[in-house]
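Text of the file protein29.tsv, holding TSV, C-alpha atoms:
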```tsv
chain	number	residue	atom	x	y	z
B	299	MET	CA	8.96	4.08	12.51
B	300	ALA	CA	11.85	5.80	10.73
B	301	ILE	CA	14.05	2.68	10.64
B	302	SER	CA	11.48	-0.15	10.52
B	303	PRO	CA	11.63	-2.26	7.32
B	304	TRP	CA	7.85	-2.27	6.74
B	305	SER	CA	7.44	1.51	7.03
B	306	ILE	CA	10.39	2.25	4.75
B	307	HIS	CA	9.37	-0.34	2.16
B	308	PHE	CA	5.65	0.41	1.88
B	309	SER	CA	6.13	4.19	2.00
B	310	ARG	CA	8.07	3.83	-1.27
B	311	LEU	CA	5.39	1.88	-3.10
B	312	ALA	CA	2.38	3.48	-4.75
B	313	VAL	CA	-0.17	1.83	-2.45
B	314	GLU	CA	-3.23	3.34	-0.80
B	315	GLY	CA	-2.46	1.67	2.51
B	316	ASN	CA	0.29	4.22	3.23
B	317	LEU	CA	-2.23	7.01	3.62
B	318	VAL	CA	-4.35	5.10	6.11
B	319	VAL	CA	-1.46	4.93	8.61
B	320	LEU	CA	-1.54	8.73	8.78
B	321	ILE	CA	-5.32	9.24	8.64
B	322	PHE	CA	-6.29	6.39	10.97
B	323	GLY	CA	-3.44	7.32	13.31
B	324	LEU	CA	-4.73	10.91	13.52
B	325	GLY	CA	-8.17	9.55	14.41
B	326	ILE	CA	-6.67	7.56	17.29
B	327	PHE	CA	-4.53	10.51	18.39
B	328	PHE	CA	-7.38	13.02	18.62
B	329	THR	CA	-9.79	10.66	20.39
B	330	LEU	CA	-7.12	9.98	23.02
B	331	LEU	CA	-6.32	13.69	23.25
B	332	TYR	CA	-9.99	14.36	24.00
B	333	LEU	CA	-9.83	12.06	27.03
B	334	LYS	CA	-6.82	13.98	28.30
B	335	LYS	CA	-7.75	17.59	27.46
B	336	ARG	CA	-11.58	17.45	27.67
B	337	ILE	CA	-11.87	19.69	24.58
B	338	SER	CA	-14.89	18.77	22.43
B	339	SER	CA	-13.25	19.69	19.11
B	340	TYR	CA	-10.65	16.95	19.62
B	341	LEU	CA	-13.31	14.22	19.71
B	342	ILE	CA	-14.98	15.66	16.61
B	343	LEU	CA	-11.61	15.75	14.82
B	344	GLY	CA	-10.92	12.17	15.86
B	345	PHE	CA	-14.21	10.90	14.42
B	346	LEU	CA	-13.70	13.06	11.32
B	347	PHE	CA	-10.36	11.39	10.55
B	348	LEU	CA	-11.82	7.96	11.30
B	349	GLY	CA	-14.52	8.75	8.74
B	350	ILE	CA	-11.93	9.82	6.16
B	351	ALA	CA	-9.98	6.63	6.89
B	352	THR	CA	-12.87	4.55	5.52
B	353	HIS	CA	-12.12	6.09	2.10
B	354	THR	CA	-8.37	5.50	2.15
B	355	TYR	CA	-8.22	1.70	2.26
B	356	TYR	CA	-10.69	-1.19	2.37
B	357	THR	CA	-9.60	-2.54	5.76
B	358	GLU	CA	-10.50	0.71	7.53
B	359	ARG	CA	-14.11	0.41	6.43
B	360	ALA	CA	-14.22	-2.21	9.17
B	361	THR	CA	-11.55	-1.18	11.67
B	362	SER	CA	-12.84	2.40	12.00
B	363	PHE	CA	-16.21	0.99	13.06
B	364	PHE	CA	-14.58	-1.52	15.40
B	365	TYR	CA	-12.50	1.20	17.01
B	366	ILE	CA	-15.44	3.56	17.56
B	367	PHE	CA	-17.54	0.83	19.19
B	368	GLY	CA	-14.59	-0.24	21.33
B	369	PHE	CA	-13.79	3.36	22.24
B	370	LEU	CA	-17.40	3.94	23.36
B	371	PHE	CA	-17.33	0.75	25.42
B	372	LEU	CA	-13.94	1.30	27.05
B	373	PHE	CA	-14.64	4.89	28.06
B	374	LYS	CA	-18.45	4.92	28.29
B	375	GLU	CA	-18.51	6.25	31.84
B	376	TYR	CA	-16.59	9.34	30.78
B	377	LEU	CA	-18.06	9.83	27.28
B	378	PHE	CA	-21.72	9.62	28.30
B	379	LYS	CA	-21.37	12.24	31.03
B	380	ASP	CA	-21.34	14.92	28.34
B	381	ARG	CA	-23.18	13.52	25.34
B	382	LYS	CA	-23.24	16.60	23.14
B	383	PRO	CA	-19.63	16.27	21.80
B	384	LEU	CA	-20.23	12.55	21.27
B	385	ILE	CA	-23.42	13.15	19.28
B	386	TYR	CA	-21.71	15.76	17.10
B	387	SER	CA	-18.75	13.43	16.54
B	388	ILE	CA	-20.91	10.46	15.53
B	389	PHE	CA	-22.83	12.72	13.15
B	390	VAL	CA	-19.56	13.85	11.50
B	391	PHE	CA	-18.43	10.23	11.15
B	392	LEU	CA	-21.76	9.22	9.58
B	393	LEU	CA	-21.49	12.05	7.05
B	394	PHE	CA	-18.39	10.40	5.62
B	395	LEU	CA	-20.27	7.13	5.19
B	396	ILE	CA	-22.82	8.66	2.79
B	397	PRO	CA	-20.56	8.15	-0.30
B	398	HIS	CA	-20.23	4.47	0.61
B	399	VAL	CA	-24.00	4.11	0.60
B	400	TYR	CA	-24.20	6.01	-2.68
B	401	ILE	CA	-21.79	3.67	-4.48
B	402	ALA	CA	-23.02	0.48	-2.81
B	403	ASN	CA	-25.06	-0.58	-5.87
B	404	THR	CA	-21.99	-0.33	-8.17
B	405	GLY	CA	-20.21	-3.15	-6.39
B	406	ALA	CA	-17.37	-0.85	-5.34
B	407	LEU	CA	-18.16	-1.23	-1.64
B	408	THR	CA	-17.44	-4.94	-1.31
B	409	LYS	CA	-16.06	-5.98	-4.69
B	410	ARG	CA	-12.44	-6.06	-3.56
B	411	LEU	CA	-13.30	-8.31	-0.62
B	412	MET	CA	-14.92	-10.77	-3.00
B	413	GLN	CA	-11.81	-10.70	-5.19
B	414	VAL	CA	-9.35	-11.54	-2.41
B	415	SER	CA	-11.50	-13.46	0.08
B	416	TYR	CA	-11.65	-17.22	0.50
B	417	LEU	CA	-15.46	-16.77	0.32
B	418	SER	CA	-15.06	-16.55	-3.46
B	419	ASN	CA	-13.73	-20.12	-3.52
B	420	SER	CA	-15.80	-22.13	-6.02
B	421	SER	CA	-16.25	-24.99	-3.56
B	422	PHE	CA	-17.61	-22.65	-0.88
B	423	ALA	CA	-20.91	-22.11	-2.74
B	424	ASN	CA	-21.66	-25.85	-2.69
B	425	LEU	CA	-21.39	-26.20	1.09
B	426	ASN	CA	-24.39	-26.28	3.42
B	427	TYR	CA	-24.89	-23.70	6.18
B	428	ILE	CA	-23.01	-25.63	8.88
B	429	GLN	CA	-20.14	-26.48	6.54
B	430	LYS	CA	-19.88	-22.86	5.44
B	431	SER	CA	-19.76	-21.70	9.07
B	432	ILE	CA	-17.00	-24.18	9.90
B	433	PHE	CA	-15.11	-23.30	6.72
B	434	ILE	CA	-15.23	-19.56	7.49
B	435	MET	CA	-14.28	-20.02	11.14
B	436	ASN	CA	-11.33	-22.30	10.38
B	437	ASN	CA	-9.95	-20.04	7.67
B	438	PHE	CA	-10.50	-16.85	9.63
B	439	LEU	CA	-8.82	-18.09	12.80
B	440	ASP	CA	-5.90	-19.53	10.85
B	441	HIS	CA	-5.30	-16.35	8.84
B	442	TYR	CA	-6.02	-14.00	11.75
B	443	PHE	CA	-3.47	-15.59	14.10
B	444	GLN	CA	-0.83	-15.64	11.35
B	445	TYR	CA	-0.45	-11.91	12.01
B	446	PHE	CA	0.55	-12.57	15.62
B	447	SER	CA	3.23	-15.09	14.67
B	448	PRO	CA	6.72	-13.90	15.75
B	449	LYS	CA	8.11	-15.96	12.86
B	450	ASN	CA	6.06	-14.03	10.28
B	451	LEU	CA	6.67	-10.65	11.88
B	452	PHE	CA	10.33	-10.83	12.84
B	453	PHE	CA	12.08	-13.75	11.17
B	454	ASN	CA	10.36	-14.73	7.92
B	455	PRO	CA	11.57	-12.76	4.85
B	456	GLY	CA	9.29	-11.94	1.94
B	457	ASN	CA	9.74	-11.04	-1.71
B	458	ASN	CA	6.45	-9.91	-3.24
B	459	LEU	CA	4.23	-6.84	-3.26
B	460	GLY	CA	2.37	-7.86	-0.12
B	461	ARG	CA	5.61	-8.42	1.80
B	462	VAL	CA	8.69	-6.30	2.26
B	463	SER	CA	11.79	-6.51	0.11
B	464	PRO	CA	13.87	-9.72	-0.26
B	465	ASN	CA	15.66	-11.28	2.72
B	466	LEU	CA	13.93	-8.84	5.06
B	467	SER	CA	11.15	-9.51	7.56
B	468	VAL	CA	8.44	-7.00	8.49
B	469	PHE	CA	10.44	-6.06	11.59
B	470	LEU	CA	14.10	-6.73	12.23
B	471	PRO	CA	14.71	-9.71	14.57
B	472	LEU	CA	16.16	-7.52	17.34
B	473	TYR	CA	12.86	-5.64	17.56
B	474	PHE	CA	11.22	-8.76	18.99
B	475	LEU	CA	13.01	-8.14	22.29
B	476	PHE	CA	11.71	-4.57	22.35
B	477	LEU	CA	8.18	-5.83	21.64
B	478	LEU	CA	8.35	-8.19	24.63
B	479	LEU	CA	9.52	-5.32	26.83
B	480	GLY	CA	6.78	-3.10	25.43
B	481	ILE	CA	4.04	-5.66	26.11
B	482	ARG	CA	5.35	-6.11	29.64
B	483	GLY	CA	5.25	-2.34	30.14
B	484	LEU	CA	1.74	-2.14	28.74
B	485	SER	CA	0.46	-4.85	31.06
B	486	SER	CA	1.65	-2.91	34.10
B	487	ASN	CA	-0.08	0.28	32.87
B	488	ILE	CA	-3.28	-1.29	31.61
B	489	GLY	CA	-5.46	1.25	33.37
B	490	LYS	CA	-4.20	4.16	31.27
B	491	PRO	CA	-6.28	5.10	28.19
B	492	LEU	CA	-3.33	4.98	25.78
B	493	PHE	CA	-2.41	1.43	26.72
B	494	LYS	CA	-6.03	0.26	26.70
B	495	VAL	CA	-6.40	1.59	23.17
B	496	LEU	CA	-3.12	0.07	21.90
B	497	ILE	CA	-4.02	-3.37	23.20
B	498	PHE	CA	-7.56	-3.11	21.79
B	499	LEU	CA	-6.22	-1.96	18.40
B	500	SER	CA	-3.77	-4.86	18.26
B	501	PHE	CA	-6.74	-7.26	18.29
B	502	ILE	CA	-9.09	-5.48	15.86
B	503	THR	CA	-6.74	-4.22	13.13
B	504	PRO	CA	-5.91	-7.71	11.69
B	505	ILE	CA	-9.60	-8.73	11.51
B	506	PRO	CA	-10.26	-7.60	7.88
B	507	ALA	CA	-7.08	-9.33	6.67
B	508	GLY	CA	-8.28	-12.51	8.39
B	509	LEU	CA	-11.13	-12.62	5.86
B	510	THR	CA	-8.80	-12.66	2.85
B	511	GLY	CA	-7.32	-15.67	1.13
B	512	ASP	CA	-3.67	-14.80	1.77
B	513	ALA	CA	-2.32	-16.34	4.95
B	514	PHE	CA	0.02	-13.42	5.67
B	515	TYR	CA	-0.13	-10.19	3.67
B	516	PRO	CA	1.36	-7.23	5.61
B	517	LEU	CA	0.21	-4.68	3.05
B	518	ARG	CA	-3.36	-5.20	4.29
B	519	VAL	CA	-2.49	-4.62	7.96
B	520	LEU	CA	-0.39	-1.45	7.94
B	521	SER	CA	-2.50	-0.07	10.80
B	522	PHE	CA	-1.71	-3.21	12.79
B	523	LEU	CA	2.00	-2.83	12.04
B	524	TRP	CA	1.78	0.81	13.15
B	525	VAL	CA	0.27	-0.34	16.46
B	526	LEU	CA	3.01	-2.93	16.93
B	527	THR	CA	5.64	-0.31	16.13
B	528	ASN	CA	4.26	1.83	18.96
B	529	MET	CA	4.65	-1.15	21.29
B	530	VAL	CA	8.18	-1.83	20.01
B	531	SER	CA	9.01	1.86	20.50
B	532	TYR	CA	7.70	1.76	24.06
B	533	GLY	CA	9.87	-1.28	24.76
B	534	PHE	CA	12.85	0.57	23.29
B	535	TYR	CA	12.08	3.54	25.56
B	536	LEU	CA	11.93	1.32	28.65
B	537	PHE	CA	15.27	-0.27	27.76
B	538	PHE	CA	16.85	3.06	26.87
B	539	SER	CA	15.72	4.65	30.15
B	540	LYS	CA	17.59	1.96	32.10
B	541	ILE	CA	20.91	3.03	30.57
B	542	LYS	CA	22.39	5.71	32.81
B	543	SER	CA	25.56	6.54	30.87
B	544	ASN	CA	25.06	9.09	28.07
B	545	LEU	CA	28.00	7.56	26.19
B	546	LEU	CA	26.42	4.10	26.33
B	547	ARG	CA	23.09	5.62	25.22
B	548	PHE	CA	24.80	7.18	22.22
B	549	PHE	CA	26.50	3.94	21.18
B	550	PHE	CA	23.26	2.00	21.72
B	551	VAL	CA	21.21	4.30	19.48
B	552	PHE	CA	23.99	4.60	16.90
B	553	GLY	CA	24.46	0.82	16.85
B	554	LEU	CA	20.70	0.25	16.40
B	555	LEU	CA	20.62	2.73	13.54
B	556	ILE	CA	23.56	1.06	11.76
B	557	TYR	CA	22.04	-2.39	12.40
B	558	SER	CA	18.74	-1.35	10.83
B	559	LEU	CA	20.15	0.55	7.87
B	560	PHE	CA	22.62	-2.22	7.03
B	561	PHE	CA	19.86	-4.81	6.58
B	562	ILE	CA	17.56	-2.37	4.80
B	563	TYR	CA	20.33	-1.23	2.44
B	564	THR	CA	21.43	-4.74	1.50
B	565	SER	CA	17.83	-5.80	0.96
B	566	ARG	CA	16.64	-2.83	-1.10
B	567	PHE	CA	19.81	-1.91	-3.00
B	568	VAL	CA	21.37	-5.33	-3.47
B	569	PHE	CA	18.77	-8.14	-3.36
B	570	TYR	CA	15.76	-6.05	-4.38
B	571	ARG	CA	17.70	-4.52	-7.28
B	572	GLN	CA	18.63	-7.91	-8.68
B	573	LEU	CA	15.63	-10.08	-7.85
B	574	MET	CA	12.61	-7.80	-8.18
B	575	VAL	CA	13.35	-5.07	-10.71
B	576	GLY	CA	16.18	-6.81	-12.54
B	577	GLY	CA	13.73	-8.17	-15.07
B	578	GLY	CA	12.47	-4.75	-16.06
B	579	GLY	CA	9.95	-2.97	-13.91
B	580	SER	CA	9.75	0.80	-14.21
B	581	PHE	CA	13.49	1.38	-14.40
B	582	PRO	CA	13.88	1.04	-18.22
B	583	TYR	CA	10.92	3.36	-18.75
B	584	LEU	CA	12.54	5.98	-16.53
B	585	LYS	CA	15.59	5.87	-18.81
B	586	LEU	CA	13.32	5.90	-21.85
B	587	VAL	CA	11.88	9.28	-20.87
B	588	ALA	CA	15.30	10.92	-21.20
B	589	GLU	CA	16.07	9.04	-24.44
B	590	LEU	CA	12.85	10.18	-26.11
B	591	ASP	CA	13.75	13.83	-25.58
B	592	LYS	CA	16.01	13.35	-28.62
B	593	TYR	CA	13.02	12.43	-30.81
B	594	LYS	CA	10.52	15.25	-30.21
B	595	ASP	CA	9.98	15.51	-33.98
B	596	LYS	CA	8.75	11.88	-34.13
B	597	LYS	CA	5.42	10.30	-33.32
B	598	VAL	CA	6.30	7.80	-30.60
B	599	VAL	CA	4.11	4.76	-29.84
B	600	ILE	CA	4.97	2.85	-26.65
B	601	ASP	CA	3.43	-0.60	-26.42
B	602	SER	CA	0.88	-0.90	-23.60
B	603	ASN	CA	0.52	-4.42	-22.20
B	604	ASP	CA	0.49	-6.43	-18.97
B	605	ARG	CA	4.28	-6.20	-18.76
B	606	SER	CA	4.20	-2.38	-18.94
B	607	TRP	CA	1.31	-1.95	-16.52
B	608	GLY	CA	1.04	1.64	-15.27
B	609	VAL	CA	3.56	3.07	-17.73
B	610	GLY	CA	1.00	5.56	-19.03
B	611	ILE	CA	0.56	7.29	-15.69
B	612	VAL	CA	4.33	7.09	-15.09
B	613	PHE	CA	4.93	9.05	-18.29
B	614	ALA	CA	2.15	11.50	-17.43
B	615	TYR	CA	3.94	12.22	-14.16
B	616	LEU	CA	7.50	12.39	-15.49
B	617	LYS	CA	6.51	14.48	-18.52
B	618	ARG	CA	4.45	16.81	-16.30
B	619	ALA	CA	1.32	16.34	-18.39
B	620	ASP	CA	-1.61	18.67	-17.75
B	621	PRO	CA	-3.90	16.80	-15.30
B	622	LYS	CA	-6.98	18.19	-17.06
B	623	GLU	CA	-5.89	16.62	-20.35
B	624	ILE	CA	-5.28	13.27	-18.66
B	625	GLN	CA	-8.72	13.44	-17.03
B	626	ILE	CA	-10.32	14.02	-20.41
B	627	GLN	CA	-8.50	10.98	-21.82
B	628	LEU	CA	-9.72	8.86	-18.88
B	629	GLN	CA	-13.25	10.27	-18.96
B	630	LYS	CA	-14.87	6.91	-19.66
B	631	GLN	CA	-13.42	5.47	-16.47
B	632	MET	CA	-14.52	8.49	-14.48
B	633	ASP	CA	-18.07	8.58	-15.83
B	634	GLY	CA	-18.97	4.90	-15.74
B	635	PRO	CA	-19.24	2.51	-12.80
B	636	TYR	CA	-15.76	1.80	-11.50
B	637	TYR	CA	-16.14	-1.98	-11.78
B	638	SER	CA	-17.96	-1.98	-15.10
B	639	SER	CA	-16.61	-4.53	-17.59
B	640	SER	CA	-16.92	-1.90	-20.34
B	641	VAL	CA	-13.99	0.06	-18.93
B	642	ASN	CA	-10.87	-0.46	-21.04
B	643	PRO	CA	-8.02	-1.61	-18.77
B	644	TYR	CA	-5.47	-0.45	-21.37
B	645	ASN	CA	-6.13	3.27	-21.41
B	646	ILE	CA	-4.60	5.25	-24.24
B	647	PHE	CA	-2.41	8.07	-22.98
B	648	THR	CA	-1.38	10.88	-25.34
B	649	ILE	CA	1.36	13.06	-23.87
B	650	SER	CA	2.80	15.54	-26.35
B	651	ASN	CA	4.26	13.42	-29.19
B	652	ILE	CA	4.10	10.20	-27.16
B	653	ILE	CA	1.19	7.74	-27.30
B	654	ILE	CA	0.98	4.80	-24.89
B	655	LYS	CA	-1.29	2.15	-26.40
B	656	PRO	CA	-1.23	-1.42	-27.82
B	657	ILE	CA	0.66	-1.52	-31.12
B	658	ASN	CA	-1.55	-1.43	-34.22
B	659	TRP	CA	0.56	-2.97	-36.95
B	660	SER	CA	-1.66	-1.57	-39.71
B	661	GLU	CA	-0.31	1.85	-38.74
B	662	ALA	CA	3.34	0.76	-38.68
B	663	CYS	CA	4.26	2.21	-42.04
B	664	ASP	CA	5.15	5.83	-41.34
B	665	LYS	CA	8.78	6.89	-41.49
B	666	ASN	CA	8.02	9.56	-38.92
B	667	LEU	CA	6.93	6.86	-36.45
B	668	LEU	CA	8.94	5.38	-33.59
B	669	ILE	CA	7.69	2.10	-32.06
B	670	VAL	CA	8.95	1.19	-28.58
B	671	GLY	CA	8.38	-2.09	-26.73
B	672	ASP	CA	10.09	-5.00	-25.02
B	673	LYS	CA	11.30	-8.16	-26.73
B	674	TYR	CA	7.79	-9.61	-26.73
B	675	SER	CA	6.22	-6.49	-28.27
B	676	VAL	CA	8.13	-6.73	-31.55
B	677	SER	CA	9.15	-10.14	-32.88
B	678	GLU	CA	11.79	-10.83	-35.53
B	679	GLU	CA	9.00	-11.73	-37.93
B	680	GLN	CA	7.32	-8.36	-37.39
B	681	VAL	CA	10.63	-6.58	-37.92
B	682	SER	CA	10.96	-8.31	-41.30
B	683	THR	CA	7.29	-8.03	-42.32
B	684	HIS	CA	7.01	-4.32	-41.56
B	685	ASN	CA	10.52	-3.42	-42.66
B	686	LEU	CA	11.61	-2.01	-39.29
B	687	SER	CA	15.02	-0.61	-38.37
B	688	LEU	CA	16.38	-0.66	-34.83
B	689	VAL	CA	16.99	2.91	-33.63
B	690	PHE	CA	18.11	2.49	-30.04
B	691	ILE	CA	18.03	0.09	-27.06
B	692	VAL	CA	17.30	0.84	-23.41
B	693	ASN	CA	18.91	-1.46	-20.84
B	694	ASP	CA	17.39	-2.59	-17.56
B	695	VAL	CA	18.96	-2.21	-14.12
B	696	ARG	CA	21.28	-5.16	-14.84
B	697	ASP	CA	22.48	-3.38	-17.98
B	698	LYS	CA	20.79	-5.94	-20.22
B	699	PRO	CA	18.66	-4.92	-23.26
B	700	TYR	CA	15.02	-4.49	-22.30
B	701	LEU	CA	13.30	-1.87	-24.49
B	702	PHE	CA	13.77	-1.61	-28.24
B	703	ALA	CA	12.85	1.33	-30.48
B	704	TYR	CA	12.15	0.72	-34.18
B	705	ARG	CA	11.49	2.97	-37.17
B	706	PRO	CA	9.42	1.78	-40.17
B	707	ASN	CA	11.13	2.17	-43.55
B	708	SER	CA	7.99	2.28	-45.68
B	709	PHE	CA	5.09	4.64	-46.28
B	710	CYS	CA	1.46	3.77	-45.64
B	711	ASN	CA	-0.73	3.27	-48.71
B	712	HIS	CA	-3.88	5.36	-48.25
```

Show me the file's structure as structure tokens.
Amino acid sequence: MAISPWSIHFSRLAVEGNLVVLIFGLGIFFTLLYLKKRISSYLILGFLFLGIATHTYYTERATSFFYIFGFLFLFKEYLFKDRKPLIYSIFVFLLFLIPHVYIANTGALTKRLMQVSYLSNSSFANLNYIQKSIFIMNNFLDHYFQYFSPKNLFFNPGNNLGRVSPNLSVFLPLYFLFLLLGIRGLSSNIGKPLFKVLIFLSFITPIPAGLTGDAFYPLRVLSFLWVLTNMVSYGFYLFFSKIKSNLLRFFFVFGLLIYSLFFIYTSRFVFYRQLMVGGGGSFPYLKLVAELDKYKDKKVVIDSNDRSWGVGIVFAYLKRADPKEIQIQLQKQMDGPYYSSSVNPYNIFTISNIIIKPINWSEACDKNLLIVGDKYSVSEEQVSTHNLSLVFIVNDVRDKPYLFAYRPNSFCNH
């Protein structure tokens, strides 16, 4: 896990799926521990974490259910001998489903699936029942089996949010050999609970992603990648245990570490730096925070737009804004239905003397004002019309101008 490209990449993005690897993994761990230790509290803890997992990421609203049903089926002879811990555990799991029922009428329960699923295809609604069934089956099977493709997992690089960083596959190619060894080891120990569960999980965890329109989107199957990593790790262990010389073991582990870190370093700090954040991203805004410390006596307006998505919360974090004040500013989002069209996607953040909002040019006539935006925020015509002076420039990661700060040279007429 520590040197796998997918786990390093996604753990450094602000995505909810990271949390589910921990929470869902704890659910699996405690349910397996119950089979080994026969302590009732372990089963209850396992179902508790599986219930929490349904709130961490959309996919686990399905996979947690699948796992519980599969767990009951695989180990029914043992579980139903003492039903009391099982009843308590199911009750705890169901408690965590109550919020889902409560918000079901807001659209929050299934809205995201409709946004990313091929079921939202305009042509799908015009099909008859048989055509719809065939359409769903064909798309599901095609997308589902994409996640078992060695090419996609070990050899095909990606370069967008749903994939890992440029020129890097989900797993490094060498790991494919360890996976084959791991699967072979699993097949010879199929009677053990751990191996039964790993094989079962490998089939159910890609199911939700199979319903989405993207053919291969690793971000939606982090639990599946976690399962595969366990199999890869088991294959590594089997290979490692065959090496008798401690010196050879050292060089093998050291060589694997260097092999992994070399590819991850070149991808994240060379290709990723140039191809993905070279055009801006958050980097210029990180530099802007330090630059604005020189202008605490000014009212600073930072343009909020699609190109600066999320910059408000970035500034709230870096400027250590009081969370209570931010909550008050976002009260409309918190009070209303989450998917209501009345919610303003461009929230106004006020953090000390800094305001993150769309530029209102009728207010751009105060000498105490500082307007900050990219090259599309302030045109040459606006500079001339509003008599603006350039104060400073913030470069991007390629050391090219990206953010521009202007000061109006006229007073507002009130």

Using all atoms listed in the file: which of B:Phe702, B:Tyr355, B:Phe567, B:Tyr340 has the shortest distance to Ser521 in chain B =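 When distances to Ser521 in chain B are compared using all atoms listed in the file, the smallest one comes from B:Tyr355.
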
message = Please report the interatomic distance between CA of Asn603 in chain B and CA of Val692 in chain B in Å with one decimal.
response =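 So the answer is 17.6 Å.
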
key: Pick from B:Leu517, B:Ile669, B:Val551, B:Leu343, whichever lies nearest to Tyr535 in chain B using all atoms listed in the file   = B:Val551

Residue contacts of range 468-475 of chain B (7 Å, all atoms listed in the file) excluding same-chain residues fewer than 3 positions away, as an MDAnalysis selection string = chainID B and resid 302:304 451:453 462 478:479 530

remark   = Closest of B:Leu509, B:Ile626, B:Ile600, B:Ala619 to Gly671 in chain B, counting all atoms listed in the file, is B:Ile600

task = Could you tell me how far CA of Arg566 in chain B lies from CA of His307 in chain B, in Å and to one decimal?
result =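 One can read the CA of Arg566 in chain B to CA of His307 in chain B distance as 8.3 Å.
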
task = Work out how far CA of Gly325 in chain B is from CA of Phe345 in chain B, in Å to one decimal.
result =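 Here the two named atoms are 6.2 Å from each other.
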
task = Check the smallest atom-to-atom distance from each of B:Ser305, B:Phe443, B:Tyr593, B:Ala614 to Ala703 in chain B using all atoms listed in the file, then report the winner.
result =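 Among B:Ser305, B:Phe443, B:Tyr593, B:Ala614, it is B:Tyr593 that comes nearest to Ala703 in chain B.
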
request  = Find the residue from B:Phe522, B:Phe498, B:Phe378, B:Phe690 that sits nearest to Tyr445 in chain B; use all atoms listed in the file when measuring.
outcome  = B:Phe522

Close residues, Tyr700 in chain B itself excluded, 12 Å, only C-alpha atoms, min 6 positions apart in chain, as a PyMOL selection string = chain B and resi 575-583+585-586+605-606+670-676+690-694

query = What's the 9 Å shell around Thr503 in chain B, counting only C-alpha atoms, without same-chain residues fewer than 4 positions away, as a list in words?
reply = Thr357, Glu358, Ala360, Thr361, Phe364, Tyr365, Phe498, Leu499, Ala507, Val519, Leu520, Ser521, Phe522, Leu523 and Val525 of chain B

request  = Extract, using only C-alpha atoms, all DNA, RNA and protein residues at most 12 Å from Glu678 in chain B, discarding same-chain residues fewer than 6 positions from it, and format them as a ChimeraX atom specification.
outcome  = /B:684-688,702,704

Among listed residues B:Val599, B:Leu559, B:Leu628, B:Leu384, nearest Pro706 in chain B (using only C-alpha atoms) = B:Val599

Six-sided padding of 4 Å per side, axis-aligned box over range 503-513 of chain B, centre and edges in Å, one decimal, as lines of an AutoDock Vina configuration file:
```
center_x = -6.7
center_y = -10.3
center_z = 7.1
size_x = 16.8
size_y = 20.1
size_z = 20.0
```

Within 12 Å of Tyr615 in chain B, counting all atoms listed in the file, which residues show up once you throw out same-chain ones fewer than 5 positions away? Write them as an mmCIF file with C-alpha atoms, in the coordinates of the input, please.
```cif
data_model
loop_
_atom_site.group_PDB
_atom_site.id
_atom_site.type_symbol
_atom_site.label_atom_id
_atom_site.label_comp_id
_atom_site.auth_asym_id
_atom_site.auth_seq_id
_atom_site.Cartn_x
_atom_site.Cartn_y
_atom_site.Cartn_z
ATOM 1 C CA LEU B 584 12.540 5.980 -16.530
ATOM 2 C CA VAL B 587 11.880 9.280 -20.870
ATOM 3 C CA GLY B 608 1.040 1.640 -15.270
ATOM 4 C CA VAL B 609 3.560 3.070 -17.730
ATOM 5 C CA GLY B 610 1.000 5.560 -19.030
ATOM 6 C CA ASP B 620 -1.610 18.670 -17.750
ATOM 7 C CA PRO B 621 -3.900 16.800 -15.300
ATOM 8 C CA ILE B 624 -5.280 13.270 -18.660
ATOM 9 C CA PHE B 647 -2.410 8.070 -22.980
ATOM 10 C CA ILE B 649 1.360 13.060 -23.870
#
```
